[in-house]
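J.: Can you read through this structure? Questions will come right after.
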Amino acid sequence: MDFAYPPEADSYRTKVRTFLDANLPKGWKGVGSLSHADAATFTEEWRKKLYDNGMLAITWPREYGGQGLGHIQALVQAEEFAHAGVPSGGPNDGFGIGMLGNTLLAIGTEEQKKHYLPRVLTGEDRWCQGYSEPSSGSDLGNLGCRAVLDGDEWIINGQKIWTSAGHLANHIFVLARTNVDEVKHKGITFLLVDMRQPGVEVRPIRMMSGDSEFNEVYFTDARCPKGNLVGEVNGGWMVAMTLLGNERGGGAAVNSISFRAELDKLTSLAKQKGLTSVPNIRQRLMRAHTKVEIMRFLGYRVLTSFMNGAKPGADASIGKLWWSEYHKEVTELAIDILGADALVPVGQTPQTAFTTDAPGSPNDSANWVGVFLNARAGTIYAGTSQVQRNIVGEQVLGLPKEPRSDAGPWKTIPGHG
């Protein structure tokens, strides 16, 4: 790994810092310091500034609305935004830009790129992900949401669950089963569906933290144009894996920045409570420090791979597994540091249900308890830790696959007769 930044990184860093200085209010402490309502307003206005200044999807080609810049510039921008405590886009941009947009660039048709990519950047199309289902859990290949071709349209029936930010979206990319006679990982098609139709219903899921970031999505004879598929009919598994690689690998190079800021905040809380001299607490803080440093080096490895022209692959599961398991551990430490204060939390709850809270968030009990509860979900969404370990073992380390009891056509699997 080469930790030295090339010369073009410094000039772009100066540009980003100039933009931040010109557009952030004096005394800015991070979006987490705002109330929930003010943070939502700020994020919407901030996203518009990013779009107006060409700072969304800067690695995309210019003909699709990007700047044609490299991964090093994207890393520099992400670093500076993380240090400044500002979002890199809106709540649905991780799906529209980071996942679907990058997948269309790799696999989509020219017509799809020209139509969808500019609309993603303007915010006209806001996307969510239709992957998980109640009956299949983490076994994505076992999904049962059906799509049947009827003339020039796909007719979709079924249910998706844990749809992040689905209540804010107007489009959803859906994995649907289009052939029940194929082996379960085959016979799946990747469809682009407009949610603004009577056959699509979104229901929020109330989590134990009190948030409703996740949703259920029901399809009842929902319609999708025949051409609104990415890749081939019954070839959606390859598209899905490409997209998941973008999801799991996209933030790996900068994740350590937000986790470092969170750990610094926790260390400050421990100091306030006079606990840094307690051997057990001190040892656990040191262990957390070590794990964040490892996270940083894992990010450098991903960056080096990107700069050498590699695409996100199975090794992206290493970073996802590392940060999600770490976050459970460090938030458990936070609850132990809070002690009895965690029983009656006071203050502002987290602004996000994913990874760390927004930068600048208050160092109070309500915030830490909320993040502690949310951290459990981190080992489930974007692929459970068990799935990540299987991917690393089989596809990265080359270990033999576990014997399967559900091989063969999907319709022969119990419950799908």
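How things are named: the first chain in the structure tokens is A, the next is B, and so on; residues count from 1 in each chain; ligands count from 1 in the order shown.
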Need to verify the contact set: A:Leu117, 9 Å, only C-alpha atoms, exclusion of same-chain residues closer than 2 positions in sequence. Can you return it as a list in words?

T.: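 My reading of the contact set: Tyr64, Gly65, Gly96, Ile97, Gly101, Leu104, Leu105, Gln112, Lys113, Lys114, His115, Arg119, Val120, Leu121 and Thr122 of chain A.
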
J.: Could you name the residues that touch A:Thr18 at 12 Å or less, counting only C-alpha atoms, but leaving out those on the same chain fewer than 5 positions away, as a ChimeraX atom specification?

T.: /A:11-13,23-24,77,80-81

J.: Save out the residues we just selected, N, CA and C atoms, as an mmCIF file, in the first residue's frame.

T.:
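Wrote it out as out-v9.cif, contents follow:
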data_model
loop_
_atom_site.group_PDB
_atom_site.id
_atom_site.type_symbol
_atom_site.label_atom_id
_atom_site.label_comp_id
_atom_site.auth_asym_id
_atom_site.auth_seq_id
_atom_site.Cartn_x
_atom_site.Cartn_y
_atom_site.Cartn_z
ATOM 1 N N SER A 11 -4.254 19.917 -4.805
ATOM 2 C CA SER A 11 -4.964 21.009 -5.467
ATOM 3 C C SER A 11 -6.472 20.843 -5.321
ATOM 4 N N TYR A 12 -6.954 19.586 -5.373
ATOM 5 C CA TYR A 12 -8.392 19.393 -5.207
ATOM 6 C C TYR A 12 -8.804 19.613 -3.756
ATOM 7 N N ARG A 13 -7.946 19.270 -2.820
ATOM 8 C CA ARG A 13 -8.250 19.501 -1.414
ATOM 9 C C ARG A 13 -8.421 20.996 -1.147
ATOM 10 N N ASN A 23 -19.372 28.262 2.045
ATOM 11 C CA ASN A 23 -20.774 27.848 2.119
ATOM 12 C C ASN A 23 -21.253 27.400 3.494
ATOM 13 N N LEU A 24 -20.337 27.277 4.454
ATOM 14 C CA LEU A 24 -20.760 26.888 5.796
ATOM 15 C C LEU A 24 -20.837 28.119 6.700
ATOM 16 N N GLN A 77 -12.460 14.609 -1.263
ATOM 17 C CA GLN A 77 -13.713 15.300 -0.972
ATOM 18 C C GLN A 77 -14.432 14.635 0.199
ATOM 19 N N GLU A 80 -12.654 15.575 3.471
ATOM 20 C CA GLU A 80 -12.890 16.950 3.903
ATOM 21 C C GLU A 80 -14.325 17.140 4.391
ATOM 22 N N PHE A 81 -15.285 16.500 3.719
ATOM 23 C CA PHE A 81 -16.680 16.587 4.165
ATOM 24 C C PHE A 81 -16.848 15.928 5.528
#

J.: Assign secondary structure with DSSP using the backbone only, and return the residues of stretch 126-171 of chain A in strand (DSSP E) as a list in words.

T.: Trp127, Cys128, Gln129, Gly130, Arg146, Ala147, Val148, Leu149, Asp150, Glu153, Trp154, Ile155, Ile156, Asn157, Gly158, Gln159, Lys160 and His171 of chain A

J.: Filtering to N, CA and C atoms, could you give me those residues as a PDB file, in the first residue's frame?

T.:
ATOM      1  N   TRP A 127     -34.028   7.042  -5.112  1.00  0.00           N
ATOM      2  CA  TRP A 127     -34.087   5.589  -5.177  1.00  0.00           C
ATOM      3  C   TRP A 127     -33.974   4.933  -3.810  1.00  0.00           C
ATOM      4  N   CYS A 128     -34.554   3.733  -3.716  1.00  0.00           N
ATOM      5  CA  CYS A 128     -34.339   2.841  -2.588  1.00  0.00           C
ATOM      6  C   CYS A 128     -34.121   1.433  -3.142  1.00  0.00           C
ATOM      7  N   GLN A 129     -33.815   0.506  -2.242  1.00  0.00           N
ATOM      8  CA  GLN A 129     -33.378  -0.829  -2.654  1.00  0.00           C
ATOM      9  C   GLN A 129     -34.406  -1.880  -2.285  1.00  0.00           C
ATOM     10  N   GLY A 130     -34.866  -2.672  -3.245  1.00  0.00           N
ATOM     11  CA  GLY A 130     -35.817  -3.747  -3.012  1.00  0.00           C
ATOM     12  C   GLY A 130     -35.153  -5.106  -3.114  1.00  0.00           C
ATOM     13  N   ARG A 146     -42.412 -12.025  -7.322  1.00  0.00           N
ATOM     14  CA  ARG A 146     -42.529 -12.500  -8.693  1.00  0.00           C
ATOM     15  C   ARG A 146     -42.737 -11.351  -9.670  1.00  0.00           C
ATOM     16  N   ALA A 147     -42.173 -11.494 -10.853  1.00  0.00           N
ATOM     17  CA  ALA A 147     -42.430 -10.584 -11.973  1.00  0.00           C
ATOM     18  C   ALA A 147     -42.741 -11.440 -13.200  1.00  0.00           C
ATOM     19  N   VAL A 148     -43.881 -11.184 -13.809  1.00  0.00           N
ATOM     20  CA  VAL A 148     -44.324 -11.942 -14.981  1.00  0.00           C
ATOM     21  C   VAL A 148     -44.496 -10.974 -16.141  1.00  0.00           C
ATOM     22  N   LEU A 149     -43.925 -11.318 -17.283  1.00  0.00           N
ATOM     23  CA  LEU A 149     -44.018 -10.450 -18.449  1.00  0.00           C
ATOM     24  C   LEU A 149     -45.397 -10.567 -19.082  1.00  0.00           C
ATOM     25  N   ASP A 150     -46.062  -9.425 -19.236  1.00  0.00           N
ATOM     26  CA  ASP A 150     -47.396  -9.358 -19.837  1.00  0.00           C
ATOM     27  C   ASP A 150     -47.334  -8.331 -20.955  1.00  0.00           C
ATOM     28  N   GLU A 153     -45.008  -5.113 -20.493  1.00  0.00           N
ATOM     29  CA  GLU A 153     -44.827  -4.729 -19.096  1.00  0.00           C
ATOM     30  C   GLU A 153     -44.573  -5.949 -18.216  1.00  0.00           C
ATOM     31  N   TRP A 154     -43.785  -5.730 -17.172  1.00  0.00           N
ATOM     32  CA  TRP A 154     -43.643  -6.710 -16.109  1.00  0.00           C
ATOM     33  C   TRP A 154     -44.722  -6.431 -15.064  1.00  0.00           C
ATOM     34  N   ILE A 155     -45.384  -7.473 -14.597  1.00  0.00           N
ATOM     35  CA  ILE A 155     -46.372  -7.363 -13.525  1.00  0.00           C
ATOM     36  C   ILE A 155     -45.726  -7.952 -12.264  1.00  0.00           C
ATOM     37  N   ILE A 156     -45.619  -7.136 -11.226  1.00  0.00           N
ATOM     38  CA  ILE A 156     -44.859  -7.506 -10.026  1.00  0.00           C
ATOM     39  C   ILE A 156     -45.805  -7.709  -8.851  1.00  0.00           C
ATOM     40  N   ASN A 157     -45.614  -8.828  -8.158  1.00  0.00           N
ATOM     41  CA  ASN A 157     -46.370  -9.118  -6.939  1.00  0.00           C
ATOM     42  C   ASN A 157     -45.424  -9.695  -5.889  1.00  0.00           C
ATOM     43  N   GLY A 158     -45.571  -9.204  -4.669  1.00  0.00           N
ATOM     44  CA  GLY A 158     -44.714  -9.697  -3.592  1.00  0.00           C
ATOM     45  C   GLY A 158     -44.428  -8.622  -2.581  1.00  0.00           C
ATOM     46  N   GLN A 159     -43.451  -8.884  -1.732  1.00  0.00           N
ATOM     47  CA  GLN A 159     -43.125  -7.977  -0.631  1.00  0.00           C
ATOM     48  C   GLN A 159     -41.623  -7.863  -0.460  1.00  0.00           C
ATOM     49  N   LYS A 160     -41.172  -6.676  -0.143  1.00  0.00           N
ATOM     50  CA  LYS A 160     -39.799  -6.421   0.270  1.00  0.00           C
ATOM     51  C   LYS A 160     -39.820  -5.847   1.685  1.00  0.00           C
ATOM     52  N   HIS A 171     -38.586   5.905  -6.556  1.00  0.00           N
ATOM     53  CA  HIS A 171     -38.209   4.788  -7.414  1.00  0.00           C
ATOM     54  C   HIS A 171     -37.547   3.713  -6.563  1.00  0.00           C
TER      55      HIS A 171
END

J.: Would you list the contacts of stretch 262-268 of chain A as a ChimeraX atom specification, taking every protein, DNA or RNA residue within 12 Å and counting only C-alpha atoms, but skipping same-chain residues closer than 4 positions in sequence?

T.: /A:32,82-83,85,255-258,272-277,281-293,326-327,329-338,355-365,367-368,371

J.: Skip A:Asp181 itself and residues of its chain fewer than 5 positions away, then list as a list of chain:residue names all residues within 8 Å of it, counting only C-alpha atoms.

T.: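 The contact residues come out as A:Gly187, A:Pro409, A:Trp410, A:Lys411.
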
J.: Using only N, CA and C atoms, please write the residues we just selected to a file, as a PDB file, in the first residue's frame.

T.:
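Now in result-v1.pdb:
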ATOM      1  N   GLY A 187     -32.722 -17.205 -12.565  1.00  0.00           N
ATOM      2  CA  GLY A 187     -34.147 -16.925 -12.648  1.00  0.00           C
ATOM      3  C   GLY A 187     -34.549 -15.660 -11.925  1.00  0.00           C
ATOM      4  N   PRO A 409     -33.848 -26.396  -8.435  1.00  0.00           N
ATOM      5  CA  PRO A 409     -34.759 -25.308  -8.833  1.00  0.00           C
ATOM      6  C   PRO A 409     -35.443 -24.666  -7.625  1.00  0.00           C
ATOM      7  N   TRP A 410     -35.730 -23.394  -7.759  1.00  0.00           N
ATOM      8  CA  TRP A 410     -36.338 -22.633  -6.657  1.00  0.00           C
ATOM      9  C   TRP A 410     -37.651 -23.241  -6.216  1.00  0.00           C
ATOM     10  N   LYS A 411     -38.464 -23.718  -7.157  1.00  0.00           N
ATOM     11  CA  LYS A 411     -39.811 -24.194  -6.812  1.00  0.00           C
ATOM     12  C   LYS A 411     -39.773 -25.485  -6.005  1.00  0.00           C
TER      13      LYS A 411
END

J.: Do you have the atom CA of A:Gln388-atom CA of A:Phe190 distance handy?

T.: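 So the two atoms, atom CA of A:Gln388 and atom CA of A:Phe190, lie 22.0 Å apart.
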
J.: Compare A:Pro279, A:Gly27, A:Pro350, A:Pro134 by their minimum atom-to-atom distance to A:Ala375, counting only C-alpha atoms, and give me the closest one.

T.: A:Pro350

J.: Between A:Glu394, A:Glu213, A:Asp38, A:Glu111, single out the one closest to A:Val230, counting only C-alpha atoms.

T.: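 Using only C-alpha atoms, the shortest distance to A:Val230 belongs to A:Glu111.
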
J.: Between atom CA of A:Ser35 and atom CA of A:Val369, what is the spacing in Å?

T.: 17.3 Å

J.: For the atom pair atom CA of A:Gly70 and atom CA of A:Gly378, what is the interatomic distance in Å to one decimal place?

T.: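 Going from atom CA of A:Gly70 over to atom CA of A:Gly378 covers 29.2 Å.
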
J.: Determine which residues of stretch 51-184 of chain A DSSP labels as helix (DSSP H, G or I) from the backbone of this structure, then write them out as a CSV table (one decimal) with N, CA and C atoms, in the first residue's frame.

T.:
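See states.csv below for the written result:
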chain,number,residue,atom,x,y,z
A,51,TYR,N,-25.0,19.9,-5.9
A,51,TYR,CA,-25.4,19.7,-7.3
A,51,TYR,C,-25.0,21.0,-8.1
A,52,ASP,N,-25.4,22.2,-7.6
A,52,ASP,CA,-25.1,23.4,-8.4
A,52,ASP,C,-23.6,23.6,-8.6
A,62,ARG,N,-18.5,13.2,-17.6
A,62,ARG,CA,-19.2,14.5,-17.8
A,62,ARG,C,-20.5,14.4,-18.6
A,63,GLU,N,-20.6,13.5,-19.5
A,63,GLU,CA,-21.8,13.4,-20.3
A,63,GLU,C,-23.0,12.9,-19.5
A,64,TYR,N,-22.7,12.4,-18.3
A,64,TYR,CA,-23.8,11.9,-17.4
A,64,TYR,C,-24.0,12.8,-16.2
A,71,HIS,N,-10.7,8.5,-8.4
A,71,HIS,CA,-11.0,8.1,-7.1
A,71,HIS,C,-10.3,8.9,-6.0
A,72,ILE,N,-9.1,9.4,-6.3
A,72,ILE,CA,-8.3,10.1,-5.3
A,72,ILE,C,-9.0,11.4,-5.0
A,73,GLN,N,-9.6,12.1,-6.0
A,73,GLN,CA,-10.3,13.3,-5.7
A,73,GLN,C,-11.6,13.0,-4.9
A,74,ALA,N,-12.3,11.9,-5.3
A,74,ALA,CA,-13.5,11.5,-4.5
A,74,ALA,C,-13.1,11.2,-3.0
A,75,LEU,N,-12.0,10.6,-2.8
A,75,LEU,CA,-11.5,10.3,-1.4
A,75,LEU,C,-11.3,11.6,-0.7
A,76,VAL,N,-10.5,12.6,-1.4
A,76,VAL,CA,-10.2,13.8,-0.8
A,76,VAL,C,-11.5,14.6,-0.4
A,77,GLN,N,-12.5,14.6,-1.3
A,77,GLN,CA,-13.7,15.3,-1.0
A,77,GLN,C,-14.4,14.6,0.2
A,78,ALA,N,-14.5,13.3,0.2
A,78,ALA,CA,-15.1,12.6,1.3
A,78,ALA,C,-14.4,12.8,2.6
A,79,GLU,N,-13.1,12.9,2.6
A,79,GLU,CA,-12.3,13.2,3.8
A,79,GLU,C,-12.7,14.6,4.4
A,80,GLU,N,-12.7,15.6,3.5
A,80,GLU,CA,-12.9,16.9,3.9
A,80,GLU,C,-14.3,17.1,4.4
A,81,PHE,N,-15.3,16.5,3.7
A,81,PHE,CA,-16.7,16.6,4.2
A,81,PHE,C,-16.8,15.9,5.5
A,82,ALA,N,-16.2,14.8,5.7
A,82,ALA,CA,-16.3,14.1,7.0
A,82,ALA,C,-15.7,14.9,8.1
A,83,HIS,N,-14.5,15.5,7.9
A,83,HIS,CA,-13.9,16.4,8.9
A,83,HIS,C,-14.7,17.6,9.2
A,84,ALA,N,-15.4,18.1,8.2
A,84,ALA,CA,-16.2,19.3,8.4
A,84,ALA,C,-17.6,19.0,9.0
A,93,ASP,N,-29.2,9.3,-1.6
A,93,ASP,CA,-28.1,9.3,-2.6
A,93,ASP,C,-27.1,8.1,-2.5
A,94,GLY,N,-27.1,7.5,-1.3
A,94,GLY,CA,-26.3,6.2,-1.2
A,94,GLY,C,-26.8,5.2,-2.1
A,95,PHE,N,-28.2,5.1,-2.3
A,95,PHE,CA,-28.8,4.2,-3.3
A,95,PHE,C,-28.7,4.7,-4.7
A,96,GLY,N,-29.1,5.9,-4.9
A,96,GLY,CA,-29.2,6.4,-6.3
A,96,GLY,C,-27.8,6.6,-6.9
A,97,ILE,N,-26.9,7.2,-6.2
A,97,ILE,CA,-25.6,7.5,-6.7
A,97,ILE,C,-24.6,6.4,-6.5
A,98,GLY,N,-24.4,6.1,-5.2
A,98,GLY,CA,-23.4,5.1,-4.8
A,98,GLY,C,-23.7,3.7,-5.3
A,99,MET,N,-24.9,3.3,-5.4
A,99,MET,CA,-25.2,1.9,-5.7
A,99,MET,C,-25.8,1.8,-7.1
A,100,LEU,N,-27.0,2.3,-7.4
A,100,LEU,CA,-27.6,2.1,-8.7
A,100,LEU,C,-26.8,2.9,-9.8
A,101,GLY,N,-26.4,4.1,-9.5
A,101,GLY,CA,-25.7,4.9,-10.5
A,101,GLY,C,-24.4,4.2,-11.0
A,102,ASN,N,-23.6,3.8,-10.0
A,102,ASN,CA,-22.3,3.2,-10.4
A,102,ASN,C,-22.6,1.8,-11.1
A,103,THR,N,-23.7,1.2,-10.7
A,103,THR,CA,-24.0,-0.1,-11.4
A,103,THR,C,-24.4,0.1,-12.8
A,104,LEU,N,-25.2,1.2,-13.0
A,104,LEU,CA,-25.6,1.5,-14.4
A,104,LEU,C,-24.4,1.8,-15.3
A,105,LEU,N,-23.4,2.6,-14.7
A,105,LEU,CA,-22.2,2.9,-15.4
A,105,LEU,C,-21.5,1.6,-15.9
A,106,ALA,N,-21.5,0.6,-15.0
A,106,ALA,CA,-20.8,-0.6,-15.4
A,106,ALA,C,-21.6,-1.6,-16.3
A,107,ILE,N,-22.9,-1.6,-16.1
A,107,ILE,CA,-23.7,-2.6,-16.8
A,107,ILE,C,-24.8,-2.1,-17.6
A,110,GLU,N,-26.8,2.4,-22.8
A,110,GLU,CA,-26.5,3.8,-23.0
A,110,GLU,C,-27.8,4.6,-22.8
A,111,GLU,N,-28.9,4.1,-23.2
A,111,GLU,CA,-30.2,4.8,-23.0
A,111,GLU,C,-30.5,4.9,-21.5
A,112,GLN,N,-30.2,3.9,-20.7
A,112,GLN,CA,-30.5,3.9,-19.3
A,112,GLN,C,-29.6,5.0,-18.6
A,113,LYS,N,-28.3,5.0,-19.0
A,113,LYS,CA,-27.4,6.0,-18.4
A,113,LYS,C,-27.8,7.4,-18.7
A,114,LYS,N,-28.2,7.7,-20.0
A,114,LYS,CA,-28.6,9.0,-20.3
A,114,LYS,C,-29.9,9.5,-19.7
A,115,HIS,N,-30.8,8.5,-19.4
A,115,HIS,CA,-32.1,8.8,-18.8
A,115,HIS,C,-32.0,9.0,-17.3
A,116,TYR,N,-31.4,8.0,-16.7
A,116,TYR,CA,-31.5,7.9,-15.2
A,116,TYR,C,-30.4,8.7,-14.5
A,117,LEU,N,-29.2,8.7,-15.0
A,117,LEU,CA,-28.1,9.3,-14.2
A,117,LEU,C,-28.3,10.8,-14.0
A,118,PRO,N,-28.6,11.6,-15.0
A,118,PRO,CA,-28.9,13.0,-14.7
A,118,PRO,C,-30.0,13.2,-13.7
A,119,ARG,N,-31.1,12.4,-13.8
A,119,ARG,CA,-32.2,12.6,-12.9
A,119,ARG,C,-31.9,12.2,-11.5
A,120,VAL,N,-30.9,11.3,-11.3
A,120,VAL,CA,-30.5,11.0,-10.0
A,120,VAL,C,-29.7,12.2,-9.4
A,121,LEU,N,-28.9,12.8,-10.2
A,121,LEU,CA,-28.2,14.0,-9.7
A,121,LEU,C,-29.0,15.2,-9.4
A,122,THR,N,-30.0,15.4,-10.2
A,122,THR,CA,-30.9,16.6,-9.9
A,122,THR,C,-31.8,16.3,-8.7
A,140,LEU,N,-30.5,-14.2,-0.1
A,140,LEU,CA,-31.0,-13.4,-1.2
A,140,LEU,C,-31.5,-14.2,-2.4
A,141,GLY,N,-30.8,-15.3,-2.7
A,141,GLY,CA,-31.1,-16.1,-3.8
A,141,GLY,C,-32.5,-16.8,-3.7
A,142,ASN,N,-33.0,-16.8,-2.4
A,142,ASN,CA,-34.3,-17.5,-2.2
A,142,ASN,C,-35.5,-16.6,-2.2
A,166,GLY,N,-37.1,4.1,2.2
A,166,GLY,CA,-38.2,3.9,1.2
A,166,GLY,C,-39.3,4.9,1.3
A,167,HIS,N,-39.5,5.4,2.4
A,167,HIS,CA,-40.6,6.4,2.6
A,167,HIS,C,-40.2,7.8,2.0
A,168,LEU,N,-38.9,7.9,1.6
A,168,LEU,CA,-38.5,9.2,0.9
A,168,LEU,C,-38.3,9.0,-0.6

J.: Which residue out of A:Leu269, A:Cys224, A:Ile380, A:Val202 has the minimum interatomic distance to A:Ser324 when only C-alpha atoms are used?

T.: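 Of A:Leu269, A:Cys224, A:Ile380, A:Val202, the one nearest A:Ser324 is A:Ile380, counting only C-alpha atoms.
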
J.: Which residue out of A:Cys145, A:Leu243, A:Val254, A:Leu191 has the minimum interatomic distance to A:Lys226 when only C-alpha atoms are used?

T.: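 The shortest atom-to-atom distance to A:Lys226 comes from A:Leu191.
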
J.: Considering only C-alpha atoms, return as an MDAnalysis selection string whatever protein or nucleic-acid residues lie within 9 Å of A:Gly199, sequence-local ones (same chain, fewer than 4 positions apart) excluded.

T.: chainID A and resid 156:157 195 218:223
